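A.B. asks: This is structure-v3.cif, which holds mmCIF, C-alpha atoms:
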data_upload
#
loop_
_atom_site.label_atom_id
_atom_site.label_comp_id
_atom_site.auth_asym_id
_atom_site.auth_seq_id
_atom_site.Cartn_x
_atom_site.Cartn_y
_atom_site.Cartn_z
CA MET A 28 0.00 0.00 0.00
CA GLU A 29 2.94 2.34 0.65
CA LYS A 30 4.04 2.05 -2.99
CA LEU A 31 0.53 2.87 -4.20
CA ILE A 32 0.40 6.00 -2.02
CA GLU A 33 3.86 7.03 -3.21
CA GLY A 34 2.59 6.64 -6.78
CA LEU A 35 -0.36 8.89 -5.96
CA ILE A 36 2.04 11.48 -4.52
CA GLY A 37 3.98 11.39 -7.79
CA LEU A 38 0.82 12.05 -9.81
CA ILE A 39 -0.07 14.96 -7.52
CA LYS A 40 3.41 16.51 -7.75
CA ARG A 41 3.60 16.38 -11.55
CA GLY A 42 1.62 19.65 -11.74
CA GLY A 43 4.18 21.49 -9.63
CA PRO A 44 3.67 23.84 -6.66
CA SER A 45 0.35 25.65 -6.52
CA GLY A 46 1.65 29.04 -5.44
CA GLY A 47 -1.96 29.96 -4.75
CA GLU A 48 -4.33 30.02 -1.83
CA THR A 49 -3.53 28.36 1.47
CA VAL A 50 -5.22 24.99 1.96
CA GLU A 51 -6.46 24.33 5.48
CA VAL A 52 -5.58 20.89 6.87
CA ARG A 53 -7.98 19.41 9.40
CA VAL A 54 -6.64 15.88 9.65
CA HIS A 55 -4.32 14.74 12.43
CA THR A 56 -1.55 12.63 10.96
CA GLY A 57 0.73 12.29 14.00
CA GLU A 58 0.20 8.51 14.08
CA ALA A 59 -0.10 8.09 10.30
CA PRO A 60 2.60 6.34 8.24
CA PRO A 61 5.20 8.67 6.68
CA CYS A 62 3.74 8.13 3.20
CA VAL A 63 0.35 9.46 4.35
CA ARG A 64 1.96 12.54 5.91
CA ALA A 65 3.84 13.15 2.66
CA LEU A 66 0.57 12.77 0.73
CA VAL A 67 -1.15 15.43 2.85
CA ASP A 68 1.79 17.80 2.33
CA ALA A 69 1.58 17.29 -1.45
CA MET A 70 -2.21 17.81 -1.53
CA ALA A 71 -1.82 21.06 0.39
CA SER A 72 0.92 22.52 -1.80
CA CYS A 73 0.52 21.33 -5.40
CA THR A 74 -1.61 21.96 -8.46
CA TYR A 75 -3.03 18.68 -9.68
CA SER A 76 -5.86 16.72 -11.23
CA VAL A 77 -5.63 12.94 -10.84
CA ASP A 78 -8.13 10.97 -12.91
CA LEU A 79 -9.18 7.75 -11.16
CA GLY A 80 -12.31 7.24 -13.21
CA GLU A 81 -15.35 7.93 -11.06
CA PHE A 82 -13.06 9.75 -8.62
CA GLN A 83 -11.31 12.95 -9.70
CA VAL A 84 -8.69 13.96 -7.13
CA ASP A 85 -8.39 17.77 -7.31
CA PRO A 86 -7.00 20.39 -4.91
CA PRO A 87 -9.50 20.91 -2.07
CA HIS A 88 -9.97 24.12 -0.14
CA LEU A 89 -10.05 22.02 3.02
CA ILE A 90 -8.25 18.73 3.64
CA HIS A 91 -10.44 16.73 5.98
CA SER A 92 -11.26 13.20 7.10
CA LEU A 93 -14.04 10.87 5.95
CA ALA A 94 -16.01 11.66 9.11
CA SER A 95 -18.50 14.06 7.47
CA SER A 96 -19.21 11.63 4.63
CA ILE A 97 -19.76 8.84 7.15
CA GLU A 98 -22.22 11.02 9.10
CA VAL A 99 -24.25 11.66 5.93
CA ALA A 100 -24.15 7.94 5.07
CA GLN A 101 -25.26 7.02 8.60
CA ASP A 102 -28.43 9.07 8.19
CA GLY A 103 -29.19 7.30 4.90
CA ALA A 104 -28.54 3.86 6.35
CA GLY A 105 -30.61 4.55 9.46
CA LEU A 106 -27.88 3.38 11.85
CA ASP A 107 -28.48 4.28 15.48
CA ASP A 108 -25.20 2.95 16.87
CA LEU A 109 -22.44 4.30 14.63
CA ASP A 110 -19.64 3.50 17.08
CA GLY A 111 -20.83 -0.08 17.35
CA TYR A 112 -20.99 -0.40 13.58
CA LEU A 113 -17.49 1.05 13.06
CA GLY A 114 -16.08 -1.17 15.82
CA SER A 115 -15.47 -3.95 13.30
CA ARG A 116 -15.26 -2.19 9.91
CA GLY A 117 -11.48 -1.74 9.81
CA PRO A 118 -8.97 -4.11 8.17
CA GLY A 119 -9.41 -7.66 9.42
CA GLY A 120 -12.46 -6.68 11.50
CA ALA A 121 -10.52 -4.16 13.59
CA PRO A 122 -12.12 -0.86 14.69
CA PHE A 123 -12.45 1.89 12.05
CA ASP A 124 -11.63 5.37 13.39
CA PRO A 125 -13.00 8.15 11.10
CA ALA A 126 -10.57 10.63 12.71
CA SER A 127 -7.65 8.58 11.37
CA THR A 128 -8.66 9.01 7.75
CA LEU A 129 -8.12 11.39 4.84
CA GLU A 130 -10.78 12.00 2.17
CA LEU A 131 -9.31 12.03 -1.34
CA ALA A 132 -12.38 12.65 -3.50
CA ALA A 133 -16.09 12.20 -3.89
CA ASP A 134 -17.32 10.67 -7.14
CA GLY A 135 -18.74 12.93 -9.84
CA GLY A 136 -22.26 12.82 -8.43
CA GLY A 137 -21.31 13.01 -4.75
CA MET A 138 -22.70 9.51 -4.21
CA SER A 139 -19.61 7.96 -2.61
CA ALA A 140 -16.32 9.11 -1.11
CA LEU A 141 -12.84 7.62 -1.45
CA GLY A 142 -10.21 8.01 1.23
CA ILE A 143 -7.18 6.65 3.04
CA GLY A 144 -7.13 5.43 6.62
CA TRP A 145 -4.43 4.19 8.96
CA SER A 146 -4.22 1.94 11.98
CA ASN A 147 -1.21 0.59 13.89
CA GLY A 148 1.15 2.35 11.48
CA ARG A 149 -0.32 0.75 8.36
CA ALA A 150 -2.36 2.48 5.66
CA PHE A 151 -5.43 1.21 3.85
CA LEU A 152 -7.98 2.58 1.39
CA ALA A 153 -11.62 3.14 2.30
CA LEU A 154 -14.84 3.75 0.38
CA VAL A 155 -17.96 5.33 1.93
CA GLU A 156 -21.32 4.79 0.22
CA ILE A 157 -23.42 7.97 0.52
CA ASP A 158 -26.22 7.59 -2.00
CA ASP A 159 -27.68 4.19 -1.03
CA PRO A 160 -25.89 3.00 2.13
CA THR A 161 -26.60 -0.26 3.92
CA GLU A 162 -24.84 -1.97 6.81
CA ASP A 163 -22.94 -4.11 4.29
CA ASN A 164 -21.69 -1.35 2.01
CA MET A 165 -21.62 1.90 4.03
CA VAL A 166 -17.91 1.59 4.85
CA LYS A 167 -15.62 -0.72 2.89
CA VAL A 168 -11.85 -1.00 3.46
CA PHE A 169 -9.14 -2.37 1.18
CA ALA A 170 -6.02 -3.58 2.97
CA THR A 171 -4.09 -4.39 -0.22
CA PRO A 172 -3.72 -2.65 -3.59
CA ALA A 173 -5.13 -5.73 -5.34
CA GLU A 174 -8.37 -5.48 -3.33
CA PHE A 175 -8.64 -1.77 -4.09
CA PHE A 176 -8.10 -2.07 -7.85
CA ALA A 177 -10.57 -4.94 -8.10
CA ALA A 178 -13.23 -2.71 -6.52
CA LEU A 179 -12.22 0.37 -8.54
CA ASP A 180 -12.39 -1.56 -11.82
CA ARG A 181 -15.93 -2.67 -10.99
CA ILE A 182 -16.92 0.92 -10.25
CA ASN A 183 -15.29 2.37 -13.38
CA ARG A 184 -16.42 -0.43 -15.69
CA ASP A 185 -15.64 0.64 -19.28
CA SER A 186 -14.34 4.11 -18.37
CA PRO A 187 -11.06 3.60 -16.50
CA GLY A 188 -9.39 6.77 -15.35
CA ALA A 189 -6.35 7.99 -17.25
CA ASP A 190 -4.17 7.68 -14.12
CA VAL A 191 -5.41 4.34 -12.78
CA GLU A 192 -2.87 2.32 -14.75
CA ALA A 193 -0.02 4.51 -13.49
CA LEU A 194 -1.10 3.74 -9.92
CA ARG A 195 -1.32 0.05 -10.76
CA VAL A 196 2.25 0.19 -12.07
CA ALA A 197 3.42 2.06 -8.95
CA ALA A 198 1.85 -0.62 -6.75
CA GLY A 199 3.72 -3.35 -8.63
CA LEU A 200 0.58 -4.88 -10.15
CA ALA A 201 1.38 -3.98 -13.78
CA THR A 202 4.24 -2.94 -16.02
CA ALA A 203 4.38 0.36 -17.85
CA ALA A 204 2.96 0.19 -21.37
CA PRO A 205 4.99 1.58 -24.30
CA ALA A 206 4.05 5.06 -25.39
CA ALA A 207 1.44 5.17 -28.13
CA THR A 208 2.62 6.53 -31.47
CA ALA A 209 -0.54 6.57 -33.57
CA ALA A 210 -2.44 9.83 -33.68
CA THR A 211 -6.11 9.76 -32.78
CA PRO A 212 -8.84 12.06 -34.11
CA ALA A 213 -9.67 15.08 -31.99
CA PRO A 214 -12.80 14.35 -29.94
CA VAL A 215 -15.94 16.46 -29.97
CA LEU A 216 -15.47 17.04 -26.21
CA SER A 217 -11.97 17.25 -24.75
CA ALA A 218 -10.21 18.67 -21.71
CA TRP A 219 -9.14 22.28 -22.32
CA THR A 220 -5.48 23.01 -21.58
CA GLY A 221 -5.43 26.64 -22.65
CA PRO A 222 -5.98 29.78 -20.54
CA ALA A 223 -8.90 29.25 -18.20
CA PRO A 224 -11.85 31.67 -18.13
CA ALA A 225 -12.95 33.11 -14.81
CA HIS A 226 -14.63 30.68 -12.46
CA PRO A 227 -18.33 30.66 -13.49
CA PHE A 228 -19.46 30.78 -9.85
CA ALA A 229 -16.80 33.18 -8.57
CA GLU A 230 -19.25 35.87 -7.44
CA ALA A 231 -21.37 33.31 -5.58
CA GLN A 232 -18.25 31.97 -3.86
CA ALA A 233 -17.30 35.47 -2.72
CA HIS A 234 -20.82 36.37 -1.57
CA PHE A 235 -21.45 33.19 0.45
CA ALA A 236 -17.79 32.88 1.58
CA LYS A 237 -17.66 29.22 0.52
CA ARG A 238 -16.65 27.29 -2.58
CA ASP A 239 -18.85 24.23 -2.83
CA MET A 240 -22.48 23.61 -3.79
CA LEU A 241 -23.15 27.07 -5.25
CA LEU A 242 -24.77 28.29 -8.46
CA GLN A 243 -24.57 31.54 -10.41
CA ALA A 244 -26.26 32.91 -13.53
CA GLY A 245 -26.20 36.16 -15.45
CA PRO A 246 -25.66 38.93 -16.07
CA THR A 247 -29.06 40.20 -17.16
CA PRO A 248 -29.33 43.19 -19.55
CA GLU A 249 -29.09 45.53 -16.53
CA GLY A 250 -26.12 43.64 -15.09
CA ARG A 251 -27.86 41.61 -12.39
CA LEU A 252 -26.52 38.27 -11.22
CA VAL A 253 -28.42 35.46 -9.51
CA LEU A 254 -26.45 33.73 -6.75
CA ALA A 255 -27.69 30.57 -5.04
CA ARG A 256 -26.46 28.50 -2.10
CA ARG A 257 -27.57 24.90 -2.43
CA ARG A 258 -28.78 22.73 0.43
CA MET A 259 -27.57 19.40 -0.96
CA PHE A 260 -24.36 17.83 0.44
CA THR A 261 -23.53 20.83 2.64
CA PRO A 262 -23.51 21.08 6.44
CA PRO A 263 -27.09 21.73 7.59
CA CYS A 264 -28.13 25.08 6.16
CA SER A 265 -31.06 26.54 4.26
CA THR A 266 -31.09 27.21 0.54
CA GLN A 267 -30.59 30.90 -0.25
CA VAL A 268 -31.19 32.78 -3.51
CA VAL A 269 -29.87 36.33 -3.97
CA ALA A 270 -30.12 38.91 -6.76
CA ARG A 271 -27.15 41.27 -7.06
CA THR A 272 -27.19 44.46 -9.10
CA ALA A 273 -24.34 45.72 -11.25
CA ALA A 274 -23.56 48.21 -8.47
CA GLY A 275 -23.21 45.41 -5.92
CA ALA A 276 -26.51 45.80 -4.02
CA THR A 277 -28.06 42.49 -3.04
CA THR A 278 -31.63 41.38 -2.43
CA GLU A 279 -32.55 38.00 -0.98
CA LEU A 280 -35.29 36.40 -3.05
CA SER A 281 -38.11 34.44 -1.47
CA TRP A 282 -37.31 30.72 -1.47
CA GLU A 283 -38.27 27.80 0.73
CA GLY A 284 -35.08 27.12 2.65
CA THR A 285 -35.64 23.36 2.79
CA ALA A 286 -36.03 23.10 -1.00
CA ASP A 287 -32.87 22.62 -3.03
CA VAL A 288 -31.92 24.58 -6.15
CA ALA A 289 -30.60 22.32 -8.90
CA SER A 290 -30.01 24.94 -11.61
CA VAL A 291 -30.35 28.66 -12.30
CA SER A 292 -30.69 30.41 -15.69
CA VAL A 293 -31.41 34.03 -16.51
CA VAL A 294 -34.12 34.78 -19.08
CA PRO A 295 -32.52 36.32 -22.19
CA GLY A 296 -33.29 40.01 -22.52
CA ARG A 297 -35.22 40.24 -19.23
CA GLU A 298 -34.63 40.86 -15.55
CA ARG A 299 -35.87 37.39 -14.67
CA ALA A 300 -34.47 33.98 -13.79
CA VAL A 301 -35.78 30.41 -13.93
CA LEU A 302 -34.78 27.94 -11.22
CA CYS A 303 -35.23 24.17 -10.99
CA ALA A 304 -36.27 23.32 -7.44
CA GLY A 305 -34.49 19.98 -6.99
CA SER A 306 -33.16 17.17 -9.17
CA SER A 307 -36.81 16.58 -10.00
CA GLY A 308 -39.09 19.43 -8.97
CA PRO A 309 -41.03 22.48 -10.11
CA LEU A 310 -39.60 25.02 -12.54
CA VAL A 311 -39.99 28.49 -10.99
CA GLU A 312 -39.61 31.92 -12.60
CA ILE A 313 -38.59 34.86 -10.39
CA ASP A 314 -38.72 38.54 -11.36
CA LEU A 315 -35.39 39.92 -10.10
CA VAL A 316 -36.77 43.44 -9.65
CA SER A 317 -40.13 42.84 -7.97
CA GLY A 318 -39.46 39.39 -6.54
CA ALA A 319 -42.72 38.09 -8.07
CA ARG A 320 -42.64 34.41 -8.87
CA ARG A 321 -44.66 31.94 -10.87
CA GLU A 322 -44.47 28.20 -11.49
CA LEU A 323 -43.82 27.41 -15.13
CA LEU A 324 -43.90 23.60 -14.90
CA ALA A 325 -44.81 21.24 -12.07
CA SER A 326 -41.84 18.90 -12.47
CA VAL A 327 -38.63 18.99 -14.49
CA GLY A 328 -35.39 17.09 -14.09
CA TRP A 329 -32.31 18.73 -12.62
CA SER A 330 -31.63 21.57 -15.06
CA CYS A 331 -32.88 23.67 -17.95
CA GLY A 332 -31.77 26.52 -20.18
CA PHE A 333 -32.54 28.71 -23.17
CA VAL A 334 -31.49 27.33 -26.55
CA ASP A 335 -32.20 30.80 -27.96
CA ALA A 336 -33.82 34.03 -26.73
CA ASP A 337 -37.36 32.67 -27.14
CA HIS A 338 -37.11 28.97 -26.38
CA LEU A 339 -36.59 27.10 -23.12
CA ALA A 340 -35.37 23.48 -22.99
CA VAL A 341 -36.14 21.21 -20.02
CA LEU A 342 -35.60 17.57 -19.13
CA ASP A 343 -38.87 15.68 -18.61
CA GLY A 344 -38.15 12.06 -17.69
CA GLN A 345 -36.29 10.59 -20.67
CA THR A 346 -37.27 13.41 -23.04
CA VAL A 347 -35.91 16.88 -23.70
CA ARG A 348 -38.77 19.27 -24.44
CA VAL A 349 -38.52 22.80 -25.87
CA TYR A 350 -41.17 25.41 -25.03
CA ARG A 351 -41.72 28.86 -26.47
CA TYR A 352 -41.16 31.24 -23.56
CA GLY A 353 -43.41 34.22 -22.89
CA ASP A 354 -45.37 36.03 -20.21
CA GLY A 355 -48.22 33.51 -20.28
CA ASP A 356 -48.35 29.75 -19.84
CA LEU A 357 -45.70 27.80 -21.69
CA GLY A 358 -48.35 25.75 -23.47
CA GLU A 359 -47.43 22.65 -25.43
CA PRO A 360 -43.81 21.87 -26.40
CA VAL A 361 -42.76 23.07 -29.83
CA ALA A 362 -40.10 20.35 -30.14
CA SER A 363 -38.88 17.28 -28.28
CA ALA A 364 -36.29 14.51 -28.53
CA PRO A 365 -35.66 11.28 -26.58
CA ALA A 366 -32.69 11.51 -24.22
CA ALA A 367 -31.36 8.71 -21.99
CA VAL A 368 -29.60 11.22 -19.75
CA VAL A 369 -29.43 12.06 -16.04
CA ASN A 370 -29.16 15.84 -16.45
CA ILE A 371 -28.85 18.50 -19.14
CA PHE A 372 -26.96 21.72 -19.71
CA VAL A 373 -27.92 24.23 -22.39
CA GLY A 374 -25.18 26.25 -24.06
CA HIS A 375 -23.80 27.17 -27.48
CA GLY A 376 -27.25 26.52 -28.98
CA CYS A 377 -27.18 22.87 -27.90
CA VAL A 378 -28.46 20.61 -25.15
CA PHE A 379 -25.73 18.47 -23.52
CA GLY A 380 -27.04 15.46 -21.57
CA LYS A 381 -24.91 13.20 -19.34
CA SER A 382 -25.39 9.47 -20.03
CA ARG A 383 -27.48 7.63 -17.42
CA GLU A 384 -25.21 4.58 -17.60
CA VAL A 385 -23.11 4.32 -14.44
CA GLY A 386 -19.39 4.65 -15.12
CA VAL A 387 -19.89 5.91 -18.68
CA PHE A 388 -18.77 9.50 -19.26
CA SER A 389 -20.37 10.55 -22.50
CA PHE A 390 -22.83 13.28 -23.46
CA GLN A 391 -25.72 13.15 -25.87
CA ILE A 392 -25.70 16.41 -27.83
CA LEU A 393 -28.95 17.79 -29.24
CA ARG A 394 -28.44 20.74 -31.61
CA TRP A 395 -31.22 23.34 -31.80
CA THR A 396 -32.04 24.45 -35.36
CA GLY A 397 -34.63 27.09 -34.45
CA GLY A 398 -37.53 24.68 -34.81
CA ALA A 399 -36.24 21.21 -33.98
CA LEU A 400 -33.72 19.28 -31.87
CA VAL A 401 -31.23 17.33 -33.98
CA ASP A 402 -29.61 14.37 -32.21
CA THR A 403 -25.88 14.35 -33.07
CA GLY A 404 -25.26 11.19 -31.05
CA SER A 405 -23.38 10.34 -27.87
CA HIS A 406 -19.86 11.71 -27.49
CA ALA A 407 -17.27 10.48 -24.99
CA VAL A 408 -15.22 12.97 -23.00
CA ASP A 409 -11.59 12.36 -21.96
CA ALA A 410 -12.32 13.20 -18.31
CA LYS A 411 -15.13 12.52 -15.84
CA PRO A 412 -17.54 15.47 -15.53
CA PHE A 413 -20.90 14.61 -13.99
CA ALA A 414 -22.55 17.67 -15.55
CA PHE A 415 -21.73 20.91 -17.35
CA HIS A 416 -22.55 24.21 -15.64
CA ALA A 417 -21.21 27.05 -17.81
CA ALA A 418 -20.49 28.03 -21.41
CA SER A 419 -17.72 30.35 -22.55
CA ALA A 420 -15.31 30.87 -25.44
CA HIS A 421 -11.63 31.62 -25.89
CA GLY A 422 -9.97 32.60 -29.14
CA GLY A 423 -12.74 31.05 -31.22
CA THR A 424 -12.83 27.82 -29.19
CA LEU A 425 -16.17 26.99 -27.58
CA LEU A 426 -15.78 25.95 -23.95
CA LEU A 427 -17.94 24.14 -21.40
CA GLY A 428 -17.28 24.37 -17.67
CA ALA A 429 -17.97 21.62 -15.13
CA VAL A 430 -17.97 22.54 -11.43
CA ASP A 431 -17.67 19.61 -9.03
CA THR A 432 -19.24 19.29 -5.57
CA LYS A 433 -16.16 20.93 -4.00
CA GLY A 434 -16.36 23.99 -6.23
CA VAL A 435 -13.42 23.04 -8.48
CA VAL A 436 -14.02 23.96 -12.14
CA SER A 437 -12.72 22.04 -15.17
CA TRP A 438 -13.02 23.40 -18.72
CA PHE A 439 -13.65 21.37 -21.89
CA ALA A 440 -13.37 22.30 -25.55
CA TYR A 441 -16.42 21.65 -27.71
CA SER A 442 -16.03 21.10 -31.44
CA PRO A 443 -19.52 21.50 -32.98
CA VAL A 444 -20.98 18.56 -34.89
#
Please, can you express the file's structure as structure tokens?
C.D. replies:
Amino acid sequence: MEKLIEGLIGLIKRGGPSGGETVEVRVHTGEAPPCVRALVDAMASCTYSVDLGEFQVDPPHLIHSLASSIEVAQDGAGLDDLDGYLGSRGPGGAPFDPASTLELAADGGGMSALGIGWSNGRAFLALVEIDDPTEDNMVKVFATPAEFFAALDRINRDSPGADVEALRVAAGLATAAPAATAATPAPVLSAWTGPAPAHPFAEAQAHFAKRDMLLQAGPTPEGRLVLARRRMFTPPCSTQVVARTAAGATTELSWEGTADVASVSVVPGRERAVLCAGSSGPLVEIDLVSGARRELLASVGWSCGFVDADHLAVLDGQTVRVYRYGDGDLGEPVASAPAAVVNIFVGHGCVFGKSREVGVFSFQILRWTGGALVDTGSHAVDAKPFAFHAASAHGGTLLLGAVDTKGVVSWFAYSPV
């Protein structure tokens, strides 16, 4: 296990020193093996992105243990006696101490968390099931690299992370493959390595003084932004939606604090916004000047957006529907297309939908022609975004931004098809 962790340190250090913001460390590693202490030092001081398939290890703003993920999982599993449960979940049936752990990453949907633990001077890997925990699967530990890779391969299925094989080689379970020489065609969606645009949720991060689980949309024609603090996967807090003027004045908009906000879009050409109230919930329009609100649709899935100034696209079950937007009822859809996707993002005149298949990182792209949705097929992406959240451009290249549950943004180039 020490060799595997040293391999992970090498992948983290390849990006070089961060030279940026200070990362707070809230794990106590006094009794941890030297390799774990070295790993924490590297995570706190380097710029990196390690692709382990479902798990993308990126620089956190706070290095912490698995304790918070275990608390969330406990609620889902309905366990009354957490200490009793953890008393035999460590390697070989030994006690599992959440304080002696380090969280590496949550998966793309925040449904599980991967971390490292230590006991009696020896390190092990641990996986916490958050989305559908049971007594059998809530906390799993892997005492050897072979056990870990067997589990990781099952999770990743046909989409192994780009760095998994390097870790396997570091652990002594594989030999390095010769470098590929054949060129491959440029993909429709690919990781962007050029200059990064501003963080799409930067104003929300500054306003709420936090990085994760935030949303931002705008500006409107008069320069207003909509900033939202989500309820999901955060310490207990209420949802909050704020309108901010171009001059910096803010107004809190009426919103039920126990209802989540899954997406926010401004209405083109108007001082209004539309918000999806949950991963499946009502679609609500809010006037950013008066605060007046109306329900546009009773239930939509996760996200929505405007394919042009007059047409709004939403996810309804396994179908993307486009409505003509106006001051009255939306009426009947003007176009629709089947979509086996878990969420959608609307940008660059297209609808991008993440595949519903677990472990498969591809996006169905529906191009809007002004009167119809044209299905261009499913396109794989050479990284693991769970959803797109922003659209931008740089030097003629169309970009899509994906913001993970920790607030870290990754940019992808889109070549229209």
A.B. asks: Taking only C-alpha atoms into account, name the residue in A:Asp124, A:Asp134, A:Glu298, A:Glu384 that is nearest to A:Leu109.
C.D. replies: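 Among the listed residues, A:Asp124 lies closest to A:Leu109.
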A.B. asks: Please evaluate the PyMOL selection byres ((chain A and resi 169-173) around 8) against the displayed coordinates and give the resulting residues as a ChimeraX atom specification.
C.D. replies: /A:28,31,118,150-153,167-168,174-177,198,200
A.B. asks: To one decimal place in Å, what is the distance between atom CA of A:Gln101 and atom CA of A:Trp329?
C.D. replies: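 Taking atom CA of A:Gln101 and atom CA of A:Trp329, their separation equals 25.2 Å.
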A.B. asks: The PyMOL selection byres ((chain A and resi 364-381) around 6) on the file shown: which residues, as a PyMOL selection string?
C.D. replies: chain A and resi 329-330+332+334+345-347+363+382-383+390-395+415+418
A.B. asks: Rank A:Gly245, A:Pro60, A:Pro412, A:Gly434 by their smallest atom-to-atom distance to A:Ala218, using only C-alpha atoms, and report the top residue only.
C.D. replies: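 With only C-alpha atoms as the atom set, the closest residue is A:Pro412.
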A.B. asks: Check the smallest atom-to-atom distance from each of A:Gly111, A:Gly105, A:Gly120, A:Pro360 to A:Ile157 using all atoms listed in the file, then report the winner.
C.D. replies: A:Gly105
A.B. asks: Let me make sure I understand: among A:Ala362, A:Ala273, A:Val436, A:Leu426, which one has the smallest atom-to-atom distance to A:Ser217 if we use only C-alpha atoms?
C.D. replies: A:Leu426
A.B. asks: Atom CA of A:Thr285 and atom CA of A:Glu312 are how many Å apart?
C.D. replies: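 It comes out at 18.1 Å.
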A.B. asks: Under the PyMOL selection byres ((chain A and resi 336) around 12), which residues of this model are included? Write them out as an MDAnalysis selection string.
C.D. replies: chainID A and resid 293:297 332:335 337:340 350:353 374 376 397
A.B. asks: Skip stretch 93-98 of chain A itself and residues of its chain fewer than 4 positions away, then list as a ChimeraX atom specification all residues within 12 Å of it, counting only C-alpha atoms.
C.D. replies: /A:53-54,102-110,112-113,123-134,137-144,152-158,160-162,164-167,260-263
A.B. asks: Which neighbours of stretch 274-281 of chain A fall inside 9 Å, counting all atoms listed in the file, when residues of the same chain fewer than 6 positions from it are skipped, and could you give them as an MDAnalysis selection string?
C.D. replies: chainID A and resid 250:251 267:268 313 315 318:320
A.B. asks: Which of these residues is nearest to A:Gly34, using only C-alpha atoms: A:Leu323, A:Leu310, A:Val191, A:Ala178?
C.D. replies: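 Ranked by minimum distance to A:Gly34, first place goes to A:Val191.
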A.B. asks: With distances taken over only C-alpha atoms, which of A:Ala440, A:Val311, A:Val385, A:Ala197 is nearest to A:Ala420?
C.D. replies: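 Nearest to A:Ala420: A:Ala440.
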A.B. asks: Quick one: everything within 10 Å of A:Asp239, counting only C-alpha atoms, minus sequence neighbours fewer than 5 positions away in the same chain. Send it as number ranges by chain.
C.D. replies: A: 87-88, 228, 231-232, 256-257, 260-261, 430-435
A.B. asks: Compute the distance from (-20.8, 8.5, -23.5) to each atom, counting only C-alpha atoms, keep the residues with any atom at most 7 Å away, and return them as a ChimeraX atom specification; use the coordinates of the file.
C.D. replies: /A:382,387-390,405-407
A.B. asks: One number please: atom CA of A:Ala410 to atom CA of A:Val50, in Å, one decimal.
C.D. replies: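 Separating atom CA of A:Ala410 from atom CA of A:Val50 is a distance of 24.5 Å.
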A.B. asks: Would you mind completing stretch 70-82 of chain A so that it carries N, CA and C atoms, and writing it out as a PDB file, keeping the file's coordinate frame?
C.D. replies:
ATOM      1  N   MET A  70      -0.854  17.325  -1.226  1.00  0.00           N
ATOM      2  CA  MET A  70      -2.210  17.810  -1.530  1.00  0.00           C
ATOM      3  C   MET A  70      -2.364  19.273  -1.144  1.00  0.00           C
ATOM      4  N   ALA A  71      -1.674  19.695  -0.097  1.00  0.00           N
ATOM      5  CA  ALA A  71      -1.820  21.060   0.390  1.00  0.00           C
ATOM      6  C   ALA A  71      -0.958  22.062  -0.377  1.00  0.00           C
ATOM      7  N   SER A  72      -0.049  21.588  -1.213  1.00  0.00           N
ATOM      8  CA  SER A  72       0.920  22.520  -1.800  1.00  0.00           C
ATOM      9  C   SER A  72       1.058  22.431  -3.312  1.00  0.00           C
ATOM     10  N   CYS A  73       0.307  21.538  -3.961  1.00  0.00           N
ATOM     11  CA  CYS A  73       0.520  21.330  -5.400  1.00  0.00           C
ATOM     12  C   CYS A  73      -0.743  21.624  -6.202  1.00  0.00           C
ATOM     13  N   THR A  74      -0.525  21.871  -7.490  1.00  0.00           N
ATOM     14  CA  THR A  74      -1.610  21.960  -8.460  1.00  0.00           C
ATOM     15  C   THR A  74      -1.731  20.612  -9.147  1.00  0.00           C
ATOM     16  N   TYR A  75      -2.926  20.035  -9.149  1.00  0.00           N
ATOM     17  CA  TYR A  75      -3.030  18.680  -9.680  1.00  0.00           C
ATOM     18  C   TYR A  75      -4.460  18.344 -10.061  1.00  0.00           C
ATOM     19  N   SER A  76      -4.578  17.332 -10.889  1.00  0.00           N
ATOM     20  CA  SER A  76      -5.860  16.720 -11.230  1.00  0.00           C
ATOM     21  C   SER A  76      -5.547  15.270 -11.571  1.00  0.00           C
ATOM     22  N   VAL A  77      -5.921  14.361 -10.675  1.00  0.00           N
ATOM     23  CA  VAL A  77      -5.630  12.940 -10.840  1.00  0.00           C
ATOM     24  C   VAL A  77      -6.920  12.221 -11.199  1.00  0.00           C
ATOM     25  N   ASP A  78      -6.930  11.586 -12.370  1.00  0.00           N
ATOM     26  CA  ASP A  78      -8.130  10.970 -12.910  1.00  0.00           C
ATOM     27  C   ASP A  78      -8.167   9.485 -12.549  1.00  0.00           C
ATOM     28  N   LEU A  79      -9.009   9.144 -11.564  1.00  0.00           N
ATOM     29  CA  LEU A  79      -9.180   7.750 -11.160  1.00  0.00           C
ATOM     30  C   LEU A  79     -10.541   7.223 -11.602  1.00  0.00           C
ATOM     31  N   GLY A  80     -11.016   7.689 -12.706  1.00  0.00           N
ATOM     32  CA  GLY A  80     -12.310   7.240 -13.210  1.00  0.00           C
ATOM     33  C   GLY A  80     -13.435   7.995 -12.550  1.00  0.00           C
ATOM     34  N   GLU A  81     -14.250   7.282 -11.765  1.00  0.00           N
ATOM     35  CA  GLU A  81     -15.350   7.930 -11.060  1.00  0.00           C
ATOM     36  C   GLU A  81     -14.841   8.983 -10.072  1.00  0.00           C
ATOM     37  N   PHE A  82     -13.609   8.849  -9.641  1.00  0.00           N
ATOM     38  CA  PHE A  82     -13.060   9.750  -8.620  1.00  0.00           C
ATOM     39  C   PHE A  82     -11.992  10.649  -9.236  1.00  0.00           C
TER      40      PHE A  82
END
